[in-house]
file start_7.cif (mmCIF, C-alpha atoms and all ligand atoms)
data_structure
loop_
_atom_site.label_atom_id
_atom_site.label_comp_id
_atom_site.auth_asym_id
_atom_site.auth_seq_id
_atom_site.Cartn_x
_atom_site.Cartn_y
_atom_site.Cartn_z
CA GLY A 171 -53.33 20.44 -9.53
CA GLU A 172 -55.30 17.60 -11.14
CA LYS A 173 -53.69 14.15 -10.84
CA ILE A 174 -52.49 12.27 -13.93
CA ARG A 175 -55.12 9.54 -14.58
CA ILE A 176 -53.45 6.18 -15.33
CA GLY A 177 -54.83 2.95 -16.81
CA ILE A 178 -53.07 -0.44 -16.77
CA VAL A 179 -53.44 -2.96 -19.62
CA GLY A 180 -52.52 -6.48 -18.56
CA TYR A 181 -52.28 -7.65 -14.97
CA GLY A 182 -49.15 -9.74 -14.57
CA ASN A 183 -45.86 -9.02 -12.84
CA LEU A 184 -45.56 -5.63 -14.51
CA GLY A 185 -49.25 -4.78 -14.07
CA ARG A 186 -49.03 -5.42 -10.33
CA GLY A 187 -45.74 -3.50 -10.17
CA VAL A 188 -47.30 -0.44 -11.85
CA GLU A 189 -50.27 -0.57 -9.49
CA HIS A 190 -47.91 -0.36 -6.51
CA ALA A 191 -45.58 2.18 -8.14
CA ILE A 192 -48.47 4.60 -8.64
CA THR A 193 -49.03 4.72 -4.87
CA GLN A 194 -45.49 6.18 -4.63
CA ASN A 195 -46.33 9.09 -6.98
CA ALA A 196 -48.64 11.69 -5.44
CA ASP A 197 -49.32 13.36 -8.83
CA MET A 198 -50.92 10.19 -10.23
CA THR A 199 -54.08 8.16 -9.71
CA LEU A 200 -55.01 4.69 -11.03
CA VAL A 201 -58.39 4.72 -12.80
CA SER A 202 -58.64 1.06 -13.79
CA VAL A 203 -56.90 -2.18 -14.67
CA PHE A 204 -57.93 -3.76 -17.99
CA SER A 205 -57.53 -7.49 -18.50
CA ARG A 206 -58.39 -10.09 -21.16
CA ARG A 207 -59.40 -12.44 -18.32
CA ASP A 208 -62.69 -12.41 -16.44
CA PRO A 209 -62.41 -9.36 -14.14
CA ALA A 210 -63.82 -11.44 -11.26
CA SER A 211 -60.65 -13.58 -11.43
CA VAL A 212 -58.28 -10.60 -11.18
CA GLN A 213 -57.54 -9.48 -7.59
CA THR A 214 -56.16 -5.93 -7.47
CA LEU A 215 -54.69 -3.84 -4.61
CA ASN A 216 -57.22 -1.82 -2.58
CA GLY A 217 -60.07 -2.86 -4.90
CA VAL A 218 -58.91 -0.91 -7.96
CA PRO A 219 -61.59 -1.52 -10.63
CA VAL A 220 -60.92 -4.18 -13.30
CA HIS A 221 -62.65 -3.97 -16.67
CA PRO A 222 -62.52 -6.22 -19.73
CA LEU A 223 -59.90 -4.98 -22.20
CA ALA A 224 -62.58 -5.30 -24.90
CA ASN A 225 -64.45 -2.36 -23.31
CA ILE A 226 -61.48 0.00 -22.99
CA SER A 227 -62.60 2.47 -25.68
CA GLU A 228 -65.42 3.52 -23.29
CA PHE A 229 -62.69 5.03 -21.06
CA LYS A 230 -61.17 7.31 -23.71
CA ASN A 231 -61.97 10.45 -21.73
CA ASP A 232 -61.15 9.03 -18.31
CA ILE A 233 -57.49 8.12 -18.81
CA ASP A 234 -54.54 10.44 -19.54
CA VAL A 235 -51.89 7.72 -19.98
CA LEU A 236 -52.29 3.96 -20.48
CA ILE A 237 -49.40 1.77 -19.29
CA LEU A 238 -49.18 -1.43 -21.38
CA CYS A 239 -47.99 -4.37 -19.26
CA GLY A 240 -48.51 -7.22 -21.71
CA GLY A 241 -45.81 -9.59 -22.90
CA SER A 242 -43.54 -8.44 -25.71
CA LYS A 243 -43.56 -11.78 -27.53
CA ASN A 244 -47.31 -12.03 -28.28
CA ASP A 245 -49.29 -9.26 -26.58
CA LEU A 246 -47.64 -5.92 -27.38
CA PRO A 247 -47.31 -6.46 -31.16
CA GLU A 248 -51.11 -6.34 -31.21
CA GLN A 249 -51.93 -4.23 -28.12
CA GLY A 250 -49.26 -1.55 -28.75
CA PRO A 251 -50.77 -0.17 -31.99
CA ALA A 252 -54.37 -0.90 -30.93
CA MET A 253 -54.04 1.12 -27.70
CA ALA A 254 -51.94 3.93 -29.22
CA ALA A 255 -54.80 4.69 -31.62
CA LEU A 256 -57.04 5.40 -28.60
CA PHE A 257 -54.79 6.65 -25.77
CA ASN A 258 -51.40 8.09 -24.85
CA THR A 259 -49.37 4.98 -24.01
CA VAL A 260 -46.13 3.76 -22.42
CA ASP A 261 -44.85 0.22 -22.94
CA SER A 262 -41.77 -1.93 -22.22
CA TYR A 263 -41.45 -3.62 -25.61
CA ASP A 264 -38.16 -5.51 -25.53
CA THR A 265 -37.86 -7.82 -28.54
CA HIS A 266 -34.65 -5.98 -29.50
CA ALA A 267 -34.50 -7.18 -33.12
CA LYS A 268 -38.06 -6.06 -33.88
CA ILE A 269 -38.06 -2.61 -32.26
CA PRO A 270 -37.83 -0.66 -35.57
CA GLU A 271 -40.90 -2.35 -37.09
CA TYR A 272 -42.79 -2.07 -33.79
CA PHE A 273 -41.97 1.65 -33.63
CA ASP A 274 -43.39 2.17 -37.12
CA ALA A 275 -46.61 0.30 -36.36
CA VAL A 276 -47.17 2.16 -33.08
CA ASN A 277 -46.24 5.50 -34.68
CA GLN A 278 -48.87 5.09 -37.40
CA ALA A 279 -51.53 4.27 -34.81
CA ALA A 280 -50.53 7.08 -32.43
CA GLU A 281 -50.52 9.65 -35.26
CA SER A 282 -53.98 8.44 -36.38
CA GLY A 283 -55.30 8.97 -32.85
CA GLY A 284 -53.38 12.19 -32.14
CA ASN A 285 -51.63 10.47 -29.22
CA VAL A 286 -48.08 10.10 -27.85
CA ALA A 287 -46.84 6.48 -27.59
CA LEU A 288 -43.57 5.89 -25.77
CA ILE A 289 -42.15 2.44 -26.55
CA SER A 290 -39.44 0.22 -25.05
CA VAL A 291 -39.30 1.83 -21.61
CA GLY A 292 -37.68 -0.07 -18.71
CA TRP A 293 -34.06 -0.85 -18.03
CA ASP A 294 -33.05 -2.77 -21.14
CA PRO A 295 -34.32 -1.42 -23.37
CA GLY A 296 -34.66 1.83 -21.44
CA LEU A 297 -32.14 3.11 -18.88
CA PHE A 298 -29.38 0.89 -20.30
CA SER A 299 -30.16 2.25 -23.79
CA LEU A 300 -29.66 5.82 -22.49
CA ASN A 301 -26.34 4.90 -20.87
CA ARG A 302 -25.10 3.21 -24.05
CA LEU A 303 -26.00 6.43 -25.92
CA PHE A 304 -24.26 8.71 -23.38
CA GLY A 305 -21.13 6.54 -23.53
CA GLU A 306 -20.94 6.48 -27.31
CA ALA A 307 -21.68 10.22 -27.66
CA VAL A 308 -19.06 11.25 -25.07
CA LEU A 309 -16.41 8.65 -25.96
CA PRO A 310 -16.73 8.20 -29.74
CA GLN A 311 -13.57 6.10 -29.77
CA GLY A 312 -14.15 3.08 -27.56
CA ALA A 313 -16.28 -0.01 -26.96
CA THR A 314 -19.60 -0.56 -25.18
CA TYR A 315 -20.48 -3.72 -23.23
CA THR A 316 -23.79 -4.73 -21.63
CA PHE A 317 -24.06 -7.57 -19.14
CA TRP A 318 -27.20 -8.85 -17.39
CA GLY A 319 -27.64 -11.07 -14.35
CA LYS A 320 -27.46 -13.57 -13.02
CA GLY A 321 -31.19 -12.93 -12.85
CA LEU A 322 -34.69 -13.56 -14.14
CA SER A 323 -35.51 -12.09 -17.55
CA GLN A 324 -39.21 -11.36 -17.69
CA GLY A 325 -39.23 -11.10 -21.49
CA HIS A 326 -37.57 -14.49 -21.92
CA SER A 327 -39.74 -16.07 -19.19
CA ASP A 328 -42.87 -14.70 -20.90
CA ALA A 329 -41.68 -16.01 -24.28
CA VAL A 330 -41.24 -19.56 -22.87
CA ARG A 331 -44.64 -19.42 -21.16
CA ARG A 332 -46.24 -18.75 -24.57
CA ILE A 333 -45.04 -22.05 -26.06
CA ALA A 334 -47.87 -24.60 -26.50
CA GLY A 335 -47.64 -27.20 -23.75
CA VAL A 336 -45.93 -24.91 -21.23
CA LYS A 337 -47.89 -24.34 -18.00
CA GLY A 338 -45.28 -22.17 -16.23
CA ALA A 339 -41.67 -21.09 -16.74
CA VAL A 340 -38.83 -18.84 -15.66
CA GLN A 341 -35.60 -17.99 -17.48
CA TYR A 342 -32.35 -16.93 -15.84
CA THR A 343 -29.67 -15.01 -17.70
CA ILE A 344 -26.11 -15.75 -16.60
CA PRO A 345 -23.11 -13.59 -17.58
CA VAL A 346 -19.98 -15.50 -18.66
CA ASN A 347 -17.45 -14.57 -15.97
CA ASP A 348 -14.42 -14.77 -18.29
CA ALA A 349 -16.07 -12.27 -20.66
CA VAL A 350 -16.83 -9.89 -17.77
CA ASP A 351 -13.23 -10.17 -16.54
CA GLN A 352 -11.86 -9.38 -20.00
CA VAL A 353 -14.09 -6.28 -20.24
CA ARG A 354 -13.14 -5.07 -16.79
CA SER A 355 -9.45 -5.53 -17.61
CA GLY A 356 -9.87 -2.77 -20.24
CA SER A 357 -8.56 -5.01 -23.04
CA LEU A 358 -11.51 -3.98 -25.24
CA PRO A 359 -12.31 -7.59 -26.31
CA THR A 360 -14.56 -8.44 -29.25
CA LEU A 361 -17.25 -10.75 -27.81
CA SER A 362 -20.09 -12.51 -29.68
CA THR A 363 -23.59 -12.75 -28.17
CA ARG A 364 -22.87 -16.39 -27.29
CA GLN A 365 -19.61 -15.49 -25.52
CA LYS A 366 -21.28 -13.06 -23.11
CA HIS A 367 -24.26 -14.87 -21.55
CA THR A 368 -25.82 -18.30 -21.15
CA ARG A 369 -29.51 -18.86 -20.50
CA GLU A 370 -31.22 -21.39 -18.11
CA CYS A 371 -34.92 -22.22 -18.38
CA PHE A 372 -37.06 -24.02 -15.80
CA VAL A 373 -40.31 -25.27 -17.32
CA VAL A 374 -43.53 -26.77 -15.96
CA LEU A 375 -45.28 -28.78 -18.69
CA GLU A 376 -49.03 -29.08 -19.24
CA ALA A 377 -50.21 -32.67 -18.73
CA GLY A 378 -49.47 -34.67 -21.87
CA ALA A 379 -47.11 -32.10 -23.43
CA ASP A 380 -44.02 -33.36 -25.28
CA ALA A 381 -40.86 -32.31 -23.38
CA ALA A 382 -38.53 -32.77 -26.40
CA GLN A 383 -40.77 -30.61 -28.59
CA VAL A 384 -40.94 -27.83 -25.98
CA GLU A 385 -37.16 -27.96 -25.48
CA GLN A 386 -36.58 -27.61 -29.24
CA ALA A 387 -39.04 -24.71 -29.48
CA ILE A 388 -37.01 -22.90 -26.81
CA LEU A 389 -33.52 -23.68 -28.15
CA THR A 390 -34.40 -22.57 -31.69
CA MET A 391 -36.49 -19.49 -30.78
CA PRO A 392 -35.20 -16.56 -32.88
CA ASP A 393 -34.32 -13.28 -31.08
CA TYR A 394 -34.71 -14.94 -27.64
CA PHE A 395 -32.63 -18.15 -27.45
CA ALA A 396 -31.21 -19.19 -30.83
CA ASP A 397 -28.00 -17.15 -30.40
CA TYR A 398 -27.26 -18.41 -26.85
CA ASP A 399 -26.09 -21.61 -25.17
CA THR A 400 -29.33 -22.46 -23.38
CA SER A 401 -30.28 -25.22 -20.94
CA VAL A 402 -33.85 -26.42 -20.28
CA SER A 403 -34.92 -28.27 -17.11
CA PHE A 404 -38.40 -29.61 -16.43
CA ILE A 405 -39.78 -29.15 -12.91
CA THR A 406 -43.11 -29.45 -11.11
CA GLU A 407 -45.49 -26.57 -10.44
CA ALA A 408 -44.72 -26.93 -6.72
CA GLU A 409 -40.99 -26.55 -7.38
CA LEU A 410 -41.66 -23.50 -9.57
CA LYS A 411 -43.60 -21.85 -6.74
CA ARG A 412 -41.08 -22.92 -4.06
CA ASP A 413 -37.78 -22.22 -5.80
CA HIS A 414 -38.51 -19.60 -8.46
CA ALA A 415 -40.91 -17.03 -7.04
CA ALA A 416 -38.32 -14.27 -6.60
CA MET A 417 -37.42 -12.19 -9.67
CA PRO A 418 -34.06 -10.63 -8.95
CA HIS A 419 -31.98 -9.23 -11.79
CA GLY A 420 -29.52 -6.49 -12.67
CA GLY A 421 -26.49 -5.82 -14.77
CA PHE A 422 -24.29 -3.06 -16.04
CA VAL A 423 -23.29 -1.02 -19.09
CA ILE A 424 -19.61 -0.21 -19.53
CA ARG A 425 -18.17 2.20 -22.08
CA SER A 426 -14.39 2.35 -22.16
CA GLY A 427 -12.48 4.48 -24.62
CA LYS A 428 -9.76 7.03 -25.21
CA THR A 429 -10.36 10.79 -25.29
CA GLY A 430 -8.61 13.19 -27.66
CA GLN A 431 -5.24 13.30 -25.87
CA GLY A 432 -5.08 9.53 -25.42
CA SER A 433 -6.34 9.20 -21.86
CA THR A 434 -8.28 5.99 -21.09
CA GLN A 435 -11.74 6.76 -19.68
CA VAL A 436 -14.30 4.25 -18.34
CA ILE A 437 -18.03 4.91 -17.77
CA GLU A 438 -20.05 2.33 -15.82
CA TYR A 439 -23.79 2.25 -15.00
CA SER A 440 -25.09 -0.65 -12.93
CA LEU A 441 -28.38 -1.98 -11.47
CA LYS A 442 -28.88 -4.42 -8.58
CA LEU A 443 -32.58 -5.36 -8.53
CA GLU A 444 -34.33 -7.40 -5.84
CA SER A 445 -37.38 -7.31 -8.09
CA ASN A 446 -37.06 -6.86 -11.86
CA PRO A 447 -40.81 -6.19 -12.39
CA GLU A 448 -41.09 -3.71 -9.52
CA PHE A 449 -38.15 -1.70 -10.85
CA THR A 450 -39.31 -1.85 -14.46
CA SER A 451 -42.76 -0.70 -13.35
CA SER A 452 -41.24 2.27 -11.54
CA VAL A 453 -39.46 3.31 -14.74
CA LEU A 454 -42.73 2.98 -16.70
CA VAL A 455 -44.54 5.21 -14.21
CA ALA A 456 -41.89 7.95 -14.30
CA TYR A 457 -42.08 7.97 -18.11
CA ALA A 458 -45.90 8.09 -17.96
CA ARG A 459 -45.44 11.54 -16.39
CA ALA A 460 -43.28 12.58 -19.35
CA VAL A 461 -45.86 11.25 -21.86
CA PHE A 462 -48.59 13.25 -20.12
CA ARG A 463 -46.47 16.40 -20.52
CA LEU A 464 -45.45 15.69 -24.13
CA SER A 465 -49.13 15.19 -24.99
CA GLY A 466 -49.95 18.45 -23.20
CA GLN A 467 -47.41 20.18 -25.47
CA GLY A 468 -49.48 18.95 -28.45
CA GLN A 469 -46.94 16.33 -29.56
CA THR A 470 -48.17 13.17 -31.34
CA GLY A 471 -46.62 9.90 -32.57
CA ALA A 472 -44.24 7.24 -31.24
CA ARG A 473 -41.19 8.16 -29.15
CA THR A 474 -38.38 6.31 -27.40
CA VAL A 475 -36.46 7.20 -24.24
CA PHE A 476 -33.92 8.93 -26.51
CA ASP A 477 -36.57 11.55 -27.37
CA VAL A 478 -37.54 12.43 -23.80
CA ALA A 479 -35.80 15.33 -22.00
CA PRO A 480 -34.89 14.02 -18.52
CA GLY A 481 -36.57 16.94 -16.74
CA LEU A 482 -39.96 15.71 -17.97
CA LEU A 483 -39.55 12.63 -15.75
CA SER A 484 -39.35 14.58 -12.52
CA PRO A 485 -42.41 15.54 -10.46
CA LYS A 486 -40.50 18.74 -9.71
CA MET A 487 -41.00 21.77 -11.99
CA PRO A 488 -38.09 23.09 -14.12
CA ALA A 489 -37.28 26.10 -11.89
CA GLU A 490 -37.04 23.83 -8.84
CA LEU A 491 -34.96 21.28 -10.79
CA ARG A 492 -32.40 23.88 -11.88
CA LYS A 493 -31.41 24.28 -8.22
CA GLU A 494 -30.45 20.59 -8.19
CA LEU A 495 -27.87 20.62 -10.97
CA LEU A 496 -25.14 20.32 -8.32
N1 LIG B 501 -37.71 -3.11 -21.07
C1 LIG B 501 -37.44 -3.75 -19.96
O1 LIG B 501 -36.44 -3.45 -19.27
C2 LIG B 501 -38.32 -4.85 -19.46
C3 LIG B 501 -39.39 -5.31 -20.22
N2 LIG B 501 -40.23 -6.28 -19.72
C4 LIG B 501 -41.35 -6.74 -20.56
O2 LIG B 501 -42.52 -6.86 -19.77
C5 LIG B 501 -43.29 -7.93 -20.31
C6 LIG B 501 -44.31 -8.42 -19.32
O3 LIG B 501 -43.64 -9.10 -18.29
P1 LIG B 501 -44.51 -9.77 -17.11
O4 LIG B 501 -45.41 -8.76 -16.50
O5 LIG B 501 -43.53 -10.51 -16.25
O6 LIG B 501 -45.39 -10.83 -17.90
P2 LIG B 501 -46.58 -11.74 -17.29
O7 LIG B 501 -46.45 -13.07 -17.92
O8 LIG B 501 -46.60 -11.62 -15.80
O9 LIG B 501 -47.91 -11.01 -17.85
C7 LIG B 501 -48.08 -10.88 -19.24
C8 LIG B 501 -49.59 -10.89 -19.51
O10 LIG B 501 -50.07 -12.19 -19.24
C9 LIG B 501 -51.40 -12.13 -18.67
N3 LIG B 501 -51.36 -12.87 -17.41
C10 LIG B 501 -50.69 -12.54 -16.28
N4 LIG B 501 -50.90 -13.46 -15.31
C11 LIG B 501 -51.71 -14.39 -15.86
C12 LIG B 501 -52.30 -15.59 -15.37
N5 LIG B 501 -52.07 -15.99 -14.12
N6 LIG B 501 -53.10 -16.28 -16.20
C13 LIG B 501 -53.31 -15.85 -17.47
N7 LIG B 501 -52.78 -14.73 -18.01
C14 LIG B 501 -52.00 -14.02 -17.19
C15 LIG B 501 -51.72 -10.66 -18.40
O11 LIG B 501 -52.64 -10.19 -19.38
P3 LIG B 501 -54.24 -10.20 -19.04
O12 LIG B 501 -54.40 -9.49 -17.71
O13 LIG B 501 -54.86 -9.47 -20.19
O14 LIG B 501 -54.61 -11.63 -18.96
C16 LIG B 501 -50.37 -9.98 -18.55
O15 LIG B 501 -50.44 -8.69 -19.11
C17 LIG B 501 -42.25 -8.95 -20.71
O16 LIG B 501 -42.73 -9.75 -21.79
C18 LIG B 501 -41.06 -8.09 -21.15
O17 LIG B 501 -41.05 -8.02 -22.55
C19 LIG B 501 -40.05 -6.82 -18.46
C20 LIG B 501 -38.97 -6.39 -17.68
C21 LIG B 501 -38.01 -5.41 -18.15
N1 LIG B 502 -36.03 -6.87 -20.99
C1 LIG B 502 -35.41 -7.64 -19.92
C2 LIG B 502 -34.55 -6.68 -19.10
C3 LIG B 502 -33.08 -7.03 -19.37
C4 LIG B 502 -32.76 -8.43 -18.86
C5 LIG B 502 -32.29 -9.10 -20.07
C6 LIG B 502 -31.86 -10.52 -20.10
O1 LIG B 502 -31.80 -11.11 -19.01
O2 LIG B 502 -31.62 -11.01 -21.25
N2 LIG B 502 -32.36 -8.31 -21.11
O3 LIG B 502 -32.82 -7.07 -20.80
C7 LIG B 502 -36.47 -8.38 -19.09
O4 LIG B 502 -37.51 -8.68 -19.69
O5 LIG B 502 -36.24 -8.68 -17.93
#

call {"tool": "encode", "arguments": {"input": "start_7.cif", "output": "structure tokens"}}
result
Amino acid sequence: GEKIRIGIVGYGNLGRGVEHAITQNADMTLVSVFSRRDPASVQTLNGVPVHPLANISEFKNDIDVLILCGGSKNDLPEQGPAMAALFNTVDSYDTHAKIPEYFDAVNQAAESGGNVALISVGWDPGLFSLNRLFGEAVLPQGATYTFWGKGLSQGHSDAVRRIAGVKGAVQYTIPVNDAVDQVRSGSLPTLSTRQKHTRECFVVLEAGADAAQVEQAILTMPDYFADYDTSVSFITEAELKRDHAAMPHGGFVIRSGKTGQGSTQVIEYSLKLESNPEFTSSVLVAYARAVFRLSGQGQTGARTVFDVAPGLLSPKMPAELRKELL
């Protein structure tokens, strides 16, 4: 049948990842990339068209699902609602503390436009959220633990890049080994945010920027760094390109608890990612298929991964899927 027509908003790590992920899904086609930069400066794969984001409303009838690849810190709070008013959307919004207010803003916009807007898709939030839910629903008596890394957090790296005076940056998340060992021992420890991970930033300053000011802006940044022991190192642009081009990441969700007759049960879900953005983009694309189908059912408004039946993610039709339960 007809292919699902996809648009990409924002051409960074995620935008490029989505462009490549679409080539792995035969039921989808990429209509256009939309960028705030001069389209002539944006080099896409196989000459996919690039249009100014300002002109996107002209494409209302050409795109079935828009995948928003902007940064969560500054871009999505504005782009999420703006795009949901015009199109069905999927995004990876990951400022954990602000997800409820973001959901409400996107929901209002999506309802006004009669669209479906799926927020906070990826691995955390996203696939890890689902596994935390499964664990807590199946083992109501127990404890849930999430660990990330050691790896590059795109959300935290984006947040540092947005600080005035920062020319480039990456942020690595490092799990505290003692905390991981305690969790794996089954001792059900109570661990604060600070006891589970530390964060390391590598920053390239703009000429003339004040290093101490940038460091303080990072260390005190609410939701991203304030609750963690964080280190900041200043490097050159050449070092950033040479030593920090790869974006590996990963982590795991553990739920351990006791079932009704006292047996100890442990659920574990883990990811080992050579490329965080490529994987996140692949999750976004699978959920774009679900959004297309939800919209086709006449649904409107904001949704999260908790609202999406897993079968909607598969390119296979329900009858075919049923054969794969075993
Ligand atoms: N839920 C999850 O599991 C995950 C969520 N994320 C989220 O994805 C978000 C995006 O991450 P990522 O793609 O790495 O962010 P980038 O910094 O690569 O891109 C963010 C935006 O910056 C602009 N941009 C990109 N490159 C340049 C450049 N060279 N010069 C100027 N502007 C540029 C683009 O917008 P434009 O084209 O309009 O200029 C782009 O949309 C993160 O903030 C994070 O919140 C990421 C991973 C996992
Ligand atoms: N949203 C994260 C995905 C995971 C990684 C992470 C972290 O390292 O703090 N938290 O969630 C990202 O932007 O990479």

call {"tool": "closest_residue", "arguments": {"input": "start_7.cif", "among": "A:Val340, A:Val353, A:Val455, A:Val373", "to": "Ile237 in chain A", "atoms": "only C-alpha atoms"}}
result
A:Val455

call {"tool": "closest_residue", "arguments": {"input": "start_7.cif", "among": "A:Pro392, A:Gly378, A:Pro310, A:Pro295", "to": "ligand LIG 502 (chain B)", "atoms": "all atoms listed in the file"}}
result
A:Pro295

call {"tool": "closest_residue", "arguments": {"input": "start_7.cif", "among": "A:Thr429, A:Ser362, A:Asn195, A:Gln324", "to": "ligand LIG 501 (chain B)", "atoms": "only C-alpha atoms and all ligand atoms"}}
result
A:Gln324

call {"tool": "closest_atom_pairs", "arguments": {"input": "start_7.cif", "of": "chain A", "to": "ligand LIG 502 (chain B)", "cutoff": "7 Å", "atoms": "all atoms listed in the file", "output": "CSV"}}
result
residue,atom,partner,partner_atom,distance
A:Asp264,CA,B:LIG502,N1,5.2
A:Trp293,CA,B:LIG502,C2,5.9
A:Asp294,CA,B:LIG502,O3,4.3
A:Pro295,CA,B:LIG502,N1,6.2
A:Trp318,CA,B:LIG502,O1,5.4
A:Gly319,CA,B:LIG502,O1,6.2
A:Gly321,CA,B:LIG502,O1,6.5
A:Leu322,CA,B:LIG502,O1,6.2
A:Ser323,CA,B:LIG502,O5,3.5
A:Gln324,CA,B:LIG502,O4,3.8
A:Gly325,CA,B:LIG502,O4,3.5
A:His326,CA,B:LIG502,O4,6.2
A:Tyr342,CA,B:LIG502,O1,6.7
A:Thr343,CA,B:LIG502,O1,4.6
A:Asn446,CA,B:LIG502,O5,6.4

call {"tool": "residues_around", "arguments": {"input": "start_7.cif", "residues": "Glu376 in chain A", "least_positions_apart": "4", "cutoff": "12 Å", "atoms": "only C-alpha atoms", "output": "PyMOL selection string"}}
result
chain A and resi 331-339+380-381+384+404-407

call {"tool": "residues_around", "arguments": {"input": "start_7.cif", "residues": "Lys366 in chain A", "least_positions_apart": "4", "cutoff": "10 Å", "atoms": "all atoms listed in the file", "output": "mmCIF file with C-alpha atoms, in the coordinates of the input"}}
result
data_model
loop_
_atom_site.group_PDB
_atom_site.id
_atom_site.type_symbol
_atom_site.label_atom_id
_atom_site.label_comp_id
_atom_site.auth_asym_id
_atom_site.auth_seq_id
_atom_site.Cartn_x
_atom_site.Cartn_y
_atom_site.Cartn_z
ATOM 1 C CA TYR A 315 -20.480 -3.720 -23.230
ATOM 2 C CA THR A 316 -23.790 -4.730 -21.630
ATOM 3 C CA PHE A 317 -24.060 -7.570 -19.140
ATOM 4 C CA TRP A 318 -27.200 -8.850 -17.390
ATOM 5 C CA ILE A 344 -26.110 -15.750 -16.600
ATOM 6 C CA PRO A 345 -23.110 -13.590 -17.580
ATOM 7 C CA VAL A 346 -19.980 -15.500 -18.660
ATOM 8 C CA ASN A 347 -17.450 -14.570 -15.970
ATOM 9 C CA ASP A 348 -14.420 -14.770 -18.290
ATOM 10 C CA ALA A 349 -16.070 -12.270 -20.660
ATOM 11 C CA VAL A 350 -16.830 -9.890 -17.770
ATOM 12 C CA LEU A 361 -17.250 -10.750 -27.810
ATOM 13 C CA SER A 362 -20.090 -12.510 -29.680
ATOM 14 C CA TYR A 398 -27.260 -18.410 -26.850
#

call {"tool": "residues_around", "arguments": {"input": "start_7.cif", "residues": "Val203 in chain A", "least_positions_apart": "2", "cutoff": "10 Å", "atoms": "all atoms listed in the file", "output": "PyMOL selection string"}}
result
chain A and resi 176-181+185-186+189+200-201+205+209+212+214+218-223+226+236-237

call {"tool": "atom_distance", "arguments": {"input": "start_7.cif", "atom1": "CA of Val291 in chain A", "atom2": "CA of Tyr263 in chain A"}}
result
7.1 Å

call {"tool": "closest_residue", "arguments": {"input": "start_7.cif", "among": "A:Arg425, A:Arg459, A:His266, A:Lys493", "to": "ligand LIG 501 (chain B)", "atoms": "all atoms listed in the file"}}
result
A:His266
